[in-house]
$ cat target-v1.cif   # mmCIF, C-alpha atoms and all ligand atoms
data_upload
loop_
_atom_site.label_atom_id
_atom_site.label_comp_id
_atom_site.auth_asym_id
_atom_site.auth_seq_id
_atom_site.Cartn_x
_atom_site.Cartn_y
_atom_site.Cartn_z
CA MET A 1 33.61 26.12 35.22
CA GLN A 2 35.22 22.73 34.62
CA LEU A 3 35.86 22.13 38.27
CA THR A 4 32.14 21.88 39.02
CA THR A 5 32.03 18.54 37.19
CA ILE A 6 34.14 16.99 39.93
CA LYS A 7 32.18 15.08 42.57
CA LEU A 8 32.02 17.08 45.79
CA PHE A 9 31.06 14.46 48.33
CA GLU A 10 31.81 10.83 48.77
CA ILE A 11 30.19 8.97 51.65
CA THR A 12 30.81 5.37 52.52
CA LYS A 13 29.84 3.32 55.55
CA ILE A 14 32.05 0.43 56.57
CA SER A 15 31.72 -2.03 59.41
CA PHE A 16 34.18 -1.98 62.27
CA PHE A 17 34.85 -4.83 64.71
CA ASN A 18 31.28 -6.15 64.17
CA LYS A 19 29.95 -3.94 66.94
CA ALA A 20 30.74 -0.43 65.92
CA ALA A 21 30.50 1.37 62.68
CA ILE A 22 32.82 3.86 61.14
CA ASN A 23 31.06 6.53 59.28
CA ARG A 24 33.20 8.28 56.71
CA LEU A 25 32.64 11.50 54.97
CA THR A 26 35.12 12.86 52.51
CA VAL A 27 34.93 16.31 51.16
CA ALA A 28 37.21 17.29 48.34
CA ASN A 29 36.11 20.85 48.72
CA ILE A 30 36.47 22.09 45.22
CA ARG A 31 34.67 25.33 45.92
CA SER A 32 37.14 26.24 48.63
CA TYR A 33 39.95 25.13 46.37
CA ALA A 34 38.70 27.34 43.57
CA LEU A 35 38.46 30.24 45.99
CA ALA A 36 41.92 29.56 47.32
CA ALA A 37 43.28 29.21 43.80
CA ASN A 38 41.81 32.60 42.90
CA LYS A 39 43.17 34.09 46.07
CA GLN A 40 46.55 32.61 45.30
CA THR A 41 46.61 34.10 41.81
CA ASP A 42 45.74 37.48 43.27
CA SER A 43 48.12 37.11 46.13
CA SER A 44 50.97 35.63 44.10
CA ILE A 45 51.85 39.23 43.24
CA ASP A 46 51.56 40.15 46.92
CA GLN A 47 53.64 37.15 47.88
CA SER A 48 56.51 38.02 45.56
CA SER A 49 56.55 41.61 46.78
CA GLU A 50 56.20 40.25 50.34
CA GLN A 51 59.25 38.06 49.73
CA GLU A 52 61.13 41.11 48.50
CA ARG A 53 60.07 43.00 51.59
CA THR A 54 61.05 40.18 53.93
CA LYS A 55 64.53 39.87 52.45
CA SER A 56 66.08 41.58 55.37
CA SER A 57 69.67 41.43 56.43
CA VAL A 58 70.30 39.94 59.86
CA ALA A 59 71.65 43.26 61.12
CA GLU A 60 68.33 44.99 60.34
CA GLN A 61 66.08 42.32 61.80
CA ARG A 62 63.65 43.16 64.60
CA LEU A 63 61.70 40.84 66.84
CA MET A 64 58.82 40.98 69.29
CA ASN A 65 57.39 38.15 71.42
CA ILE A 66 53.80 38.75 72.45
CA ALA A 67 52.01 36.52 74.99
CA VAL A 68 48.25 36.78 74.53
CA ILE A 69 46.47 35.88 77.74
CA GLY A 70 42.90 35.97 79.01
CA VAL A 71 40.08 33.75 80.19
CA PRO A 72 38.68 31.07 77.85
CA ASN A 73 36.52 32.45 75.02
CA ALA A 74 37.80 36.05 75.39
CA GLY A 75 38.76 35.96 71.69
CA LYS A 76 42.55 35.44 71.90
CA SER A 77 42.83 33.13 68.90
CA THR A 78 40.42 35.19 66.77
CA PHE A 79 42.46 38.28 67.62
CA ILE A 80 45.73 36.71 66.46
CA ASN A 81 44.24 35.31 63.23
CA ASN A 82 42.64 38.59 62.24
CA LEU A 83 45.55 40.78 63.25
CA ILE A 84 47.94 38.84 61.02
CA GLN A 85 45.20 38.01 58.48
CA HIS A 86 46.00 34.32 58.44
CA ARG A 87 43.92 31.57 60.06
CA ILE A 88 46.55 29.86 62.16
CA CYS A 89 44.80 29.43 65.49
CA PRO A 90 41.65 27.25 65.57
CA THR A 91 38.69 29.12 67.11
CA SER A 92 35.19 28.23 68.23
CA SER A 93 32.22 29.70 70.05
CA LYS A 94 32.87 27.45 73.07
CA VAL A 95 35.46 27.67 75.84
CA HIS A 96 38.73 25.68 75.86
CA THR A 97 39.27 25.64 72.12
CA THR A 98 43.00 26.26 72.52
CA ARG A 99 44.43 23.46 74.65
CA ASP A 100 48.14 23.99 74.31
CA LEU A 101 50.62 26.80 73.87
CA HIS A 102 50.66 27.62 70.18
CA LYS A 103 52.84 30.12 68.33
CA ALA A 104 51.67 32.16 65.36
CA ILE A 105 54.59 33.72 63.53
CA TYR A 106 54.13 36.81 61.40
CA THR A 107 56.97 38.31 59.41
CA THR A 108 56.70 41.56 57.52
CA GLY A 109 59.45 43.87 56.30
CA ASN A 110 62.37 43.50 58.69
CA THR A 111 60.16 42.61 61.66
CA GLN A 112 58.99 39.29 63.05
CA LEU A 113 56.14 39.16 65.56
CA ILE A 114 55.71 35.92 67.49
CA PHE A 115 52.30 35.57 69.10
CA TYR A 116 51.91 33.02 71.90
CA ASP A 117 48.29 31.86 71.83
CA THR A 118 47.60 30.49 75.30
CA PRO A 119 44.82 28.27 76.60
CA GLY A 120 42.48 30.19 78.92
CA LEU A 121 43.23 29.48 82.58
CA VAL A 122 40.66 27.40 84.43
CA THR A 123 39.40 26.68 87.90
CA SER A 124 39.00 23.11 89.19
CA SER A 125 35.21 23.16 88.73
CA GLU A 126 35.63 24.13 85.07
CA ILE A 127 38.01 21.20 84.58
CA LYS A 128 35.27 18.86 85.79
CA LYS A 129 32.55 20.55 83.78
CA HIS A 130 34.36 20.39 80.46
CA ASN A 131 35.75 16.92 80.87
CA LEU A 132 39.33 18.17 80.75
CA ASN A 133 41.84 15.73 82.13
CA SER A 134 42.96 16.28 85.70
CA SER A 135 46.42 17.47 84.66
CA SER A 136 44.85 20.22 82.53
CA LYS A 137 45.20 22.93 85.12
CA SER A 138 48.89 22.38 85.80
CA PHE A 139 49.44 21.82 82.10
CA LYS A 140 47.81 25.13 81.27
CA ILE A 141 49.76 26.92 83.96
CA SER A 142 52.99 25.54 82.54
CA ALA A 143 51.89 26.62 79.03
CA TYR A 144 51.34 30.13 80.44
CA LYS A 145 54.71 30.11 82.17
CA ASN A 146 56.46 29.07 78.97
CA ALA A 147 54.79 31.87 77.03
CA LEU A 148 55.52 34.48 79.66
CA LYS A 149 59.15 33.48 80.06
CA GLN A 150 59.70 34.37 76.40
CA ALA A 151 57.42 37.40 76.24
CA ASP A 152 58.59 40.96 75.57
CA ILE A 153 55.05 42.15 76.18
CA ILE A 154 51.77 40.68 77.48
CA ALA A 155 48.52 41.37 75.67
CA VAL A 156 45.58 40.93 78.06
CA MET A 157 42.43 40.05 76.14
CA HIS A 158 39.29 41.16 77.97
CA ASP A 159 35.75 40.42 76.77
CA VAL A 160 33.55 43.50 77.28
CA SER A 161 30.42 41.85 75.89
CA LYS A 162 29.68 39.99 79.13
CA ALA A 163 28.02 42.43 81.52
CA PHE A 164 28.63 40.26 84.62
CA THR A 165 32.38 39.93 84.21
CA ARG A 166 33.48 42.95 82.22
CA LYS A 167 34.28 45.16 85.22
CA GLN A 168 36.77 42.70 86.67
CA ILE A 169 39.97 41.30 85.27
CA HIS A 170 39.84 37.61 86.13
CA THR A 171 41.89 36.62 89.19
CA THR A 172 43.87 34.05 87.19
CA VAL A 173 44.93 36.82 84.80
CA LEU A 174 45.79 39.19 87.68
CA ASP A 175 47.84 36.44 89.33
CA THR A 176 49.76 35.98 86.09
CA LEU A 177 50.44 39.72 85.75
CA ARG A 178 51.61 39.87 89.36
CA ALA A 179 53.93 36.93 88.78
CA TYR A 180 55.67 38.76 85.91
CA PRO A 181 55.86 42.38 87.11
CA ASN A 182 58.82 43.19 84.85
CA VAL A 183 57.10 42.27 81.61
CA PRO A 184 55.13 45.26 80.25
CA SER A 185 51.50 44.65 79.41
CA PHE A 186 48.68 46.28 77.52
CA LEU A 187 44.94 45.79 77.74
CA ILE A 188 42.69 44.90 74.82
CA LEU A 189 38.98 45.49 75.31
CA ASN A 190 37.56 42.99 72.84
CA LYS A 191 34.11 42.38 71.31
CA ILE A 192 33.16 46.07 71.27
CA ASP A 193 30.91 45.28 68.29
CA ALA A 194 28.61 43.47 70.73
CA LEU A 195 28.03 46.62 72.83
CA LYS A 196 24.83 48.58 72.30
CA SER A 197 26.46 51.77 73.48
CA LYS A 198 30.18 52.50 73.37
CA ARG A 199 29.81 55.01 76.20
CA VAL A 200 30.42 52.27 78.75
CA LEU A 201 33.98 51.81 77.43
CA LEU A 202 35.53 54.89 79.04
CA GLU A 203 34.13 53.91 82.43
CA LEU A 204 35.42 50.36 81.89
CA ILE A 205 38.94 51.60 81.12
CA ARG A 206 38.88 53.62 84.34
CA ILE A 207 37.74 50.61 86.38
CA LEU A 208 40.01 48.01 84.76
CA THR A 209 43.14 50.14 85.07
CA ASN A 210 42.26 51.32 88.60
CA GLY A 211 42.14 54.80 87.12
CA THR A 212 45.74 54.63 85.96
CA LEU A 213 47.70 54.10 82.82
CA SER A 214 51.36 53.08 83.12
CA GLY A 215 50.95 53.50 86.88
CA ARG A 216 49.99 57.20 86.54
CA ARG A 217 46.71 57.98 88.22
CA LYS A 218 44.60 60.54 86.43
CA LEU A 219 42.59 62.38 89.01
CA LYS A 220 41.32 65.74 88.01
CA GLY A 221 41.08 68.61 90.51
CA LYS A 222 43.22 67.02 93.24
CA SER A 223 46.60 68.04 94.65
CA ASP A 224 49.69 65.88 93.96
CA ASP A 225 49.70 64.66 97.58
CA ALA A 226 46.04 63.70 97.39
CA ASN A 227 46.77 61.95 94.11
CA LYS A 228 49.64 60.02 95.67
CA GLU A 229 47.48 58.94 98.58
CA GLU A 230 44.73 57.77 96.24
CA LEU A 231 47.26 55.88 94.16
CA VAL A 232 48.71 54.04 97.18
CA LYS A 233 45.17 53.19 98.33
CA SER A 234 44.19 51.97 94.89
CA VAL A 235 47.26 49.73 94.55
CA LYS A 236 46.61 48.25 97.99
CA SER A 237 42.94 47.63 97.36
CA THR A 238 43.68 46.61 93.80
CA GLU A 239 40.83 44.80 92.15
CA ASN A 240 42.19 45.35 88.69
CA TRP A 241 45.59 46.25 87.21
CA SER A 242 47.29 49.64 87.55
CA HIS A 243 50.27 49.00 85.29
CA PHE A 244 48.96 48.62 81.74
CA LYS A 245 51.08 50.62 79.31
CA ASP A 246 48.21 51.14 76.91
CA VAL A 247 44.58 50.25 76.27
CA PHE A 248 43.00 49.37 72.94
CA MET A 249 39.35 48.88 72.08
CA VAL A 250 38.79 46.41 69.28
CA SER A 251 36.52 43.95 67.63
CA SER A 252 38.70 40.99 66.72
CA LEU A 253 35.77 39.57 64.78
CA THR A 254 35.21 42.53 62.44
CA GLY A 255 38.83 43.68 62.54
CA SER A 256 37.94 47.11 63.90
CA GLY A 257 40.89 48.65 65.78
CA LEU A 258 43.32 45.84 64.95
CA SER A 259 45.51 47.88 62.61
CA ASP A 260 46.42 50.19 65.52
CA ILE A 261 47.71 47.21 67.51
CA HIS A 262 49.50 45.87 64.42
CA ASP A 263 51.41 49.16 64.03
CA TYR A 264 51.96 49.49 67.79
CA LEU A 265 53.64 46.09 67.96
CA LEU A 266 55.73 46.64 64.83
CA ASN A 267 56.96 49.95 66.25
CA MET A 268 57.92 48.34 69.54
CA ALA A 269 59.91 45.44 68.03
CA LYS A 270 63.52 45.47 69.15
CA PRO A 271 66.62 44.89 67.02
CA GLN A 272 67.11 41.14 67.32
CA THR A 273 67.67 38.21 64.98
CA TRP A 274 64.48 36.44 63.89
CA LYS A 275 63.73 33.11 65.54
CA TYR A 276 62.07 31.64 62.42
CA ALA A 277 62.54 31.81 58.66
CA SER A 278 60.19 34.31 57.00
CA ASP A 279 58.00 31.57 55.45
CA ILE A 280 57.30 29.76 58.76
CA TYR A 281 53.96 30.74 60.29
CA THR A 282 53.36 28.25 63.09
CA ASP A 283 55.15 25.87 65.44
CA TYR A 284 52.35 23.29 65.07
CA THR A 285 52.77 20.44 62.62
CA PRO A 286 50.16 20.29 59.81
CA GLU A 287 48.83 17.11 61.45
CA THR A 288 48.18 18.87 64.76
CA LEU A 289 46.59 21.84 63.00
CA ILE A 290 44.19 19.49 61.19
CA VAL A 291 43.15 17.62 64.35
CA GLU A 292 42.72 20.84 66.34
CA SER A 293 40.67 22.40 63.52
CA VAL A 294 38.32 19.38 63.50
CA ARG A 295 38.01 19.61 67.27
CA ALA A 296 37.22 23.35 67.09
CA ARG A 297 34.39 22.88 64.58
CA LEU A 298 32.95 19.97 66.60
CA LEU A 299 32.78 22.43 69.49
CA ASP A 300 30.93 24.85 67.24
CA TYR A 301 28.44 22.45 65.71
CA LEU A 302 27.51 20.27 68.69
CA PRO A 303 25.42 21.38 71.66
CA GLN A 304 26.54 22.03 75.23
CA GLU A 305 29.09 19.66 76.73
CA ILE A 306 28.78 16.92 74.09
CA PRO A 307 31.84 17.88 71.99
CA TYR A 308 34.06 17.74 75.10
CA THR A 309 33.35 13.99 75.35
CA LEU A 310 34.76 13.31 71.87
CA LYS A 311 38.31 12.48 70.93
CA SER A 312 39.76 13.35 67.53
CA GLU A 313 42.73 11.46 66.13
CA LEU A 314 44.62 11.69 62.86
CA GLU A 315 44.34 8.50 60.82
CA TYR A 316 46.16 9.53 57.70
CA TYR A 317 48.14 12.46 56.33
CA ASN A 318 49.91 12.88 53.04
CA GLU A 319 50.75 15.63 50.62
CA GLU A 320 50.91 14.93 46.90
CA ASN A 321 51.11 17.35 43.97
CA ASN A 322 50.54 20.23 46.37
CA ILE A 323 47.24 18.71 47.63
CA ILE A 324 46.85 17.62 51.25
CA TYR A 325 45.06 14.32 51.88
CA ALA A 326 44.02 13.80 55.50
CA SER A 327 41.69 11.63 57.49
CA VAL A 328 40.59 12.28 61.08
CA GLN A 329 38.72 9.79 63.25
CA VAL A 330 36.29 11.08 65.86
CA LEU A 331 35.78 8.64 68.72
CA CYS A 332 32.28 8.88 70.21
CA PRO A 333 31.45 7.35 73.59
CA THR A 334 28.07 5.96 72.38
CA THR A 335 26.29 5.19 69.10
CA ARG A 336 23.59 7.66 70.12
CA LEU A 337 26.19 10.42 70.12
CA GLU A 338 27.63 9.16 66.87
CA ARG A 339 24.19 9.45 65.27
CA LEU A 340 23.85 12.95 66.67
CA ILE A 341 27.16 14.03 65.16
CA CYS A 342 26.37 12.56 61.78
CA GLY A 343 22.84 14.00 61.69
CA GLU A 344 20.14 12.91 59.31
CA SER A 345 21.62 11.44 56.12
CA ASN A 346 25.04 12.50 57.43
CA GLY A 347 24.00 16.12 56.95
CA ARG A 348 25.71 17.48 60.04
CA LEU A 349 28.92 15.55 59.46
CA ARG A 350 28.96 16.86 55.90
CA GLN A 351 28.56 20.47 57.15
CA ILE A 352 31.33 20.01 59.70
CA THR A 353 33.66 18.46 57.13
CA GLU A 354 32.99 21.25 54.64
CA ARG A 355 33.59 23.90 57.27
CA VAL A 356 36.87 22.38 58.51
CA THR A 357 38.02 21.93 54.91
CA SER A 358 37.46 25.59 54.14
CA ASP A 359 39.23 26.58 57.42
CA LEU A 360 42.21 24.46 56.42
CA VAL A 361 42.34 25.87 52.91
CA GLU A 362 42.71 29.29 54.57
CA THR A 363 45.40 27.92 56.88
CA PHE A 364 47.52 26.07 54.34
CA GLY A 365 46.70 28.08 51.20
CA LYS A 366 46.34 24.87 49.21
CA PRO A 367 43.57 22.36 48.48
CA ILE A 368 42.80 19.65 50.98
CA SER A 369 40.83 16.45 50.68
CA LEU A 370 39.61 15.76 54.19
CA THR A 371 37.84 12.70 55.55
CA ILE A 372 36.15 12.78 58.93
CA ALA A 373 35.27 9.32 60.21
CA THR A 374 33.16 8.68 63.31
CA HIS A 375 33.62 5.60 65.44
CA SER A 376 31.43 4.66 68.37
CA GLN A 377 33.02 2.78 71.23
CA THR A 378 29.79 1.17 72.48
CA LYS A 379 26.48 0.11 71.00
N1 LIG B 401 31.12 39.49 68.73
C1 LIG B 401 32.41 39.18 68.80
N2 LIG B 401 32.78 37.92 68.97
C2 LIG B 401 34.10 37.65 69.03
C3 LIG B 401 35.09 38.64 68.93
N3 LIG B 401 36.30 38.05 69.06
C4 LIG B 401 36.09 36.74 69.20
N4 LIG B 401 34.76 36.49 69.18
C5 LIG B 401 34.08 35.20 69.30
O1 LIG B 401 34.37 34.65 70.57
C6 LIG B 401 34.42 33.22 70.48
C7 LIG B 401 35.72 32.73 71.11
O2 LIG B 401 36.81 33.14 70.31
P1 LIG B 401 38.23 32.43 70.43
O3 LIG B 401 39.17 33.25 69.62
O4 LIG B 401 38.13 30.98 70.13
O5 LIG B 401 38.51 32.64 72.00
P2 LIG B 401 39.79 32.18 72.85
O6 LIG B 401 40.05 33.26 73.84
O7 LIG B 401 40.91 31.81 71.95
O8 LIG B 401 39.20 30.91 73.60
P3 LIG B 401 39.99 29.63 74.24
O9 LIG B 401 40.87 29.07 73.16
O10 LIG B 401 38.89 28.70 74.60
O11 LIG B 401 40.74 30.12 75.43
C8 LIG B 401 34.28 32.89 68.99
O12 LIG B 401 32.93 32.54 68.74
C9 LIG B 401 34.62 34.19 68.30
O13 LIG B 401 33.98 34.35 67.05
C10 LIG B 401 34.66 39.99 68.74
O14 LIG B 401 35.43 40.95 68.64
N5 LIG B 401 33.31 40.20 68.69
MG MG B 402 41.91 30.04 71.66
#
$ encode --input "target-v1.cif" --output "C-alpha cells"
Amino acid sequence: MQLTTIKLFEITKISFFNKAAINRLTVANIRSYALAANKQTDSSIDQSSEQERTKSSVAEQRLMNIAVIGVPNAGKSTFINNLIQHRICPTSSKVHTTRDLHKAIYTTGNTQLIFYDTPGLVTSSEIKKHNLNSSSKSFKISAYKNALKQADIIAVMHDVSKAFTRKQIHTTVLDTLRAYPNVPSFLILNKIDALKSKRVLLELIRILTNGTLSGRRKLKGKSDDANKEELVKSVKSTENWSHFKDVFMVSSLTGSGLSDIHDYLLNMAKPQTWKYASDIYTDYTPETLIVESVRARLLDYLPQEIPYTLKSELEYYNEENNIIYASVQVLCPTTRLERLICGESNGRLRQITERVTSDLVETFGKPISLTIATHSQTK
C-alpha cells in the first residue's frame, strides 16, 4: 500500500529556557488513518442512509436526557461510548478520568438521546490522594446538579466486579437520588464479564433495590399487610434504593446487554424538539477532547498517582484539508518524571501518542497528526 511509504514517527528534541527540555513526539498515524478511511468508505453508505433516517420533521422529534451517575471508575464513560458506538467520552483504567460534565449526543431516526457523562463524586480524602484541586468536590457537585436538573431519567452505574463494594450503592449516589426524588432512575449492574459466576447477580439485585422494583416489594408467601410492614421497615432502614424503575445487567466493555438499554431509552423518549442538530455529537470543543484524551491515556500508561501530578495543555490546533493537526504539552513536575513518561528511547511517549491518535481518529472520524511534547519544570 502506498501509504506505508510515509514516515510514521518524527522525534525531535529541542532546548527550552536552558534548564528544561521539551521532548516532542509526533505521530502521523497513517495506520489509524487507513483504518478510518476504510471505515469511512464502508460507513459512507451507512451515513447517507443515517442522514435520510435523521431527516425528521420537528413535529415528529423525540428527546431524552439521561444523566449517568456513579462512583469514579464504575464505567460510565465506557458505557456511553459503547452504547452509541462512538468514542466521545475519554476513558481510562484509573479513577477521575472524567473531570467535568460532558454531553454525548446521539441522534437516530426521529429520536435524540443526550447523555450527561458526570465525574464520579469524591470524598475529601480522595481529593487529597489524587491531587485534585480543593474546589474539585464542589465543582463536581455542581456538575452533578447541572446534569440532574436537565435529566428525564437517571442511569445509576454500579460496578459489580468489586466484591467489597458491590452490595452497597455508594452514599454519594444515594444522596443524589434522594435529592431528586421526582426524576425516575434505573440501575445498571456493570462489568458482569468480570464475574466468575453470574448467580450472584440475582442476589445483588435484591440487595441493591431493597427487594423492590419501582417501589413494589416482592415478598413471596406473605400477606399484603406483612408485605406493607416489611416495605415501610425497608424504606426506613434503607441501605440501598427502593425506587429503581428497572435493572439491567451489562458489560459496557464487551457490549453485552447494551442493546436492551439502547432500545429502552429510545422507547421512552418523549415528543420534544431536539436540542442539537443531528450531526452534533458532543458539547466539548475538539481542543478539549484532544487534551482530555491525552490526559486519559497518561492515566492508563503511568503507574499509581504519577499521572495526577501532570498537567496537559493544548499548544496548537488547526484543521487543513480535512486533517487535524494538534500539539499537546505535558508539564512534568521533575525531569525524573519526564524521563519516566518518555521511557527508553522515547518508547513510552511513542506508545501513548499512538494510542491517543487512534482514539482521536475514532472520535473525529478523520486523520490526525498529533504531537505530544513533555516539559519539565525543574531539573
Ligand atoms: N471488565 C470490565 N471493565 C469495564 C467495563 N466497563 C468499564 N470498564 C473499565 O473500567 C475502567 C473505568 O471505565 P470508565 O468508563 O473510564 O469509568 P468512569 O465511571 O467513566 O470513571 P470516571 O470518569 O473516573 O468517573 C476502564 O478501564 C474500563 O475499561 C466492563 O463492563 N467490564
Ligand atoms: Mg468517565
$ residues_near_ligand --input "target-v1.cif" --ligand "ligand LIG 401 (chain B)" --cutoff "9 Å" --atoms "all atoms listed in the file" --output "short mmCIF file (atom, residue, chain, number, x, y, z; two decimals) with C-alpha atoms, keeping the file's coordinate frame"
data_model
loop_
_atom_site.label_atom_id
_atom_site.label_comp_id
_atom_site.auth_asym_id
_atom_site.auth_seq_id
_atom_site.Cartn_x
_atom_site.Cartn_y
_atom_site.Cartn_z
CA VAL A 68 48.25 36.78 74.53
CA ILE A 69 46.47 35.88 77.74
CA GLY A 70 42.90 35.97 79.01
CA VAL A 71 40.08 33.75 80.19
CA PRO A 72 38.68 31.07 77.85
CA ASN A 73 36.52 32.45 75.02
CA ALA A 74 37.80 36.05 75.39
CA GLY A 75 38.76 35.96 71.69
CA LYS A 76 42.55 35.44 71.90
CA SER A 77 42.83 33.13 68.90
CA THR A 78 40.42 35.19 66.77
CA PHE A 79 42.46 38.28 67.62
CA ILE A 80 45.73 36.71 66.46
CA ASN A 81 44.24 35.31 63.23
CA CYS A 89 44.80 29.43 65.49
CA PRO A 90 41.65 27.25 65.57
CA THR A 91 38.69 29.12 67.11
CA SER A 92 35.19 28.23 68.23
CA SER A 93 32.22 29.70 70.05
CA LYS A 94 32.87 27.45 73.07
CA VAL A 95 35.46 27.67 75.84
CA HIS A 96 38.73 25.68 75.86
CA THR A 97 39.27 25.64 72.12
CA THR A 98 43.00 26.26 72.52
CA ARG A 99 44.43 23.46 74.65
CA ASP A 100 48.14 23.99 74.31
CA ASP A 117 48.29 31.86 71.83
CA THR A 118 47.60 30.49 75.30
CA PRO A 119 44.82 28.27 76.60
CA GLY A 120 42.48 30.19 78.92
CA LEU A 121 43.23 29.48 82.58
CA MET A 157 42.43 40.05 76.14
CA HIS A 158 39.29 41.16 77.97
CA ASP A 159 35.75 40.42 76.77
CA SER A 161 30.42 41.85 75.89
CA LEU A 189 38.98 45.49 75.31
CA ASN A 190 37.56 42.99 72.84
CA LYS A 191 34.11 42.38 71.31
CA ILE A 192 33.16 46.07 71.27
CA ASP A 193 30.91 45.28 68.29
CA ALA A 194 28.61 43.47 70.73
CA LEU A 195 28.03 46.62 72.83
CA VAL A 250 38.79 46.41 69.28
CA SER A 251 36.52 43.95 67.63
CA SER A 252 38.70 40.99 66.72
CA LEU A 253 35.77 39.57 64.78
CA THR A 254 35.21 42.53 62.44
CA GLY A 255 38.83 43.68 62.54
CA SER A 256 37.94 47.11 63.90
CA ALA A 296 37.22 23.35 67.09
CA ASP A 300 30.93 24.85 67.24
#
$ residues_around --input "target-v1.cif" --residues "Ile66 (chain A)" --least-positions-apart "3" --cutoff "6 Å" --atoms "only C-alpha atoms" --output "NGL selection string"
:A and (115 or 151 or 153-154)
$ atom_distance --input "target-v1.cif" --atom1 "CA of Leu266 (chain A)" --atom2 "CA of Asp152 (chain A)"
12.5 Å
$ atom_distance --input "target-v1.cif" --atom1 "CA of Tyr106 (chain A)" --atom2 "CA of Gly365 (chain A)"
15.3 Å
$ atom_distance --input "target-v1.cif" --atom1 "CA of Arg62 (chain A)" --atom2 "CA of Lys275 (chain A)"
10.1 Å
$ closest_residue --input "target-v1.cif" --among "A:Val361, A:Arg355, A:Lys270, A:Pro333" --to "Thr374 (chain A)" --atoms "all atoms listed in the file"
A:Pro333
$ closest_residue --input "target-v1.cif" --among "A:Ser259, A:Tyr276, A:Ala155, A:Arg166" --to "Phe244 (chain A)" --atoms "only C-alpha atoms"
A:Ala155
$ residues_around --input "target-v1.cif" --residues "Thr288 (chain A)" --least-positions-apart "3" --cutoff "12 Å" --atoms "only C-alpha atoms" --output "CSV table (one decimal) with C-alpha atoms, in the coordinates of the input"
chain,number,residue,atom,x,y,z
A,88,ILE,CA,46.6,29.9,62.2
A,89,CYS,CA,44.8,29.4,65.5
A,90,PRO,CA,41.6,27.2,65.6
A,98,THR,CA,43.0,26.3,72.5
A,99,ARG,CA,44.4,23.5,74.6
A,100,ASP,CA,48.1,24.0,74.3
A,102,HIS,CA,50.7,27.6,70.2
A,282,THR,CA,53.4,28.2,63.1
A,283,ASP,CA,55.2,25.9,65.4
A,284,TYR,CA,52.4,23.3,65.1
A,285,THR,CA,52.8,20.4,62.6
A,291,VAL,CA,43.2,17.6,64.4
A,292,GLU,CA,42.7,20.8,66.3
A,293,SER,CA,40.7,22.4,63.5
A,294,VAL,CA,38.3,19.4,63.5
A,295,ARG,CA,38.0,19.6,67.3
A,312,SER,CA,39.8,13.4,67.5
A,313,GLU,CA,42.7,11.5,66.1
A,314,LEU,CA,44.6,11.7,62.9
A,315,GLU,CA,44.3,8.5,60.8
A,316,TYR,CA,46.2,9.5,57.7
A,317,TYR,CA,48.1,12.5,56.3
A,326,ALA,CA,44.0,13.8,55.5
A,328,VAL,CA,40.6,12.3,61.1
A,360,LEU,CA,42.2,24.5,56.4
$ residues_around --input "target-v1.cif" --residues "region 335-348 of chain A" --least-positions-apart "3" --cutoff "7 Å" --atoms "all atoms listed in the file" --output "PDB file with C-alpha atoms, keeping the file's coordinate frame"
ATOM      1  CA  CYS A 332      32.280   8.880  70.210  1.00  0.00           C
ATOM      2  CA  GLN A 351      28.560  20.470  57.150  1.00  0.00           C
ATOM      3  CA  ILE A 352      31.330  20.010  59.700  1.00  0.00           C
ATOM      4  CA  THR A 374      33.160   8.680  63.310  1.00  0.00           C
ATOM      5  CA  SER A 376      31.430   4.660  68.370  1.00  0.00           C
ATOM      6  CA  THR A 378      29.790   1.170  72.480  1.00  0.00           C
ATOM      7  CA  LYS A 379      26.480   0.110  71.000  1.00  0.00           C
TER       8      LYS A 379
END
$ closest_residue --input "target-v1.cif" --among "A:Met249, A:Ala179, A:Ile368, A:Ala277" --to "Thr107 (chain A)" --atoms "all atoms listed in the file"
A:Ala277
$ residues_around --input "target-v1.cif" --residues "Leu174 (chain A)" --least-positions-apart "5" --cutoff "10 Å" --atoms "all atoms listed in the file" --output "list of chain:residue names"
A:Gly70, A:Val156, A:Gln168, A:Ile169, A:Ala179, A:Thr238, A:Glu239, A:Asn240, A:Trp241
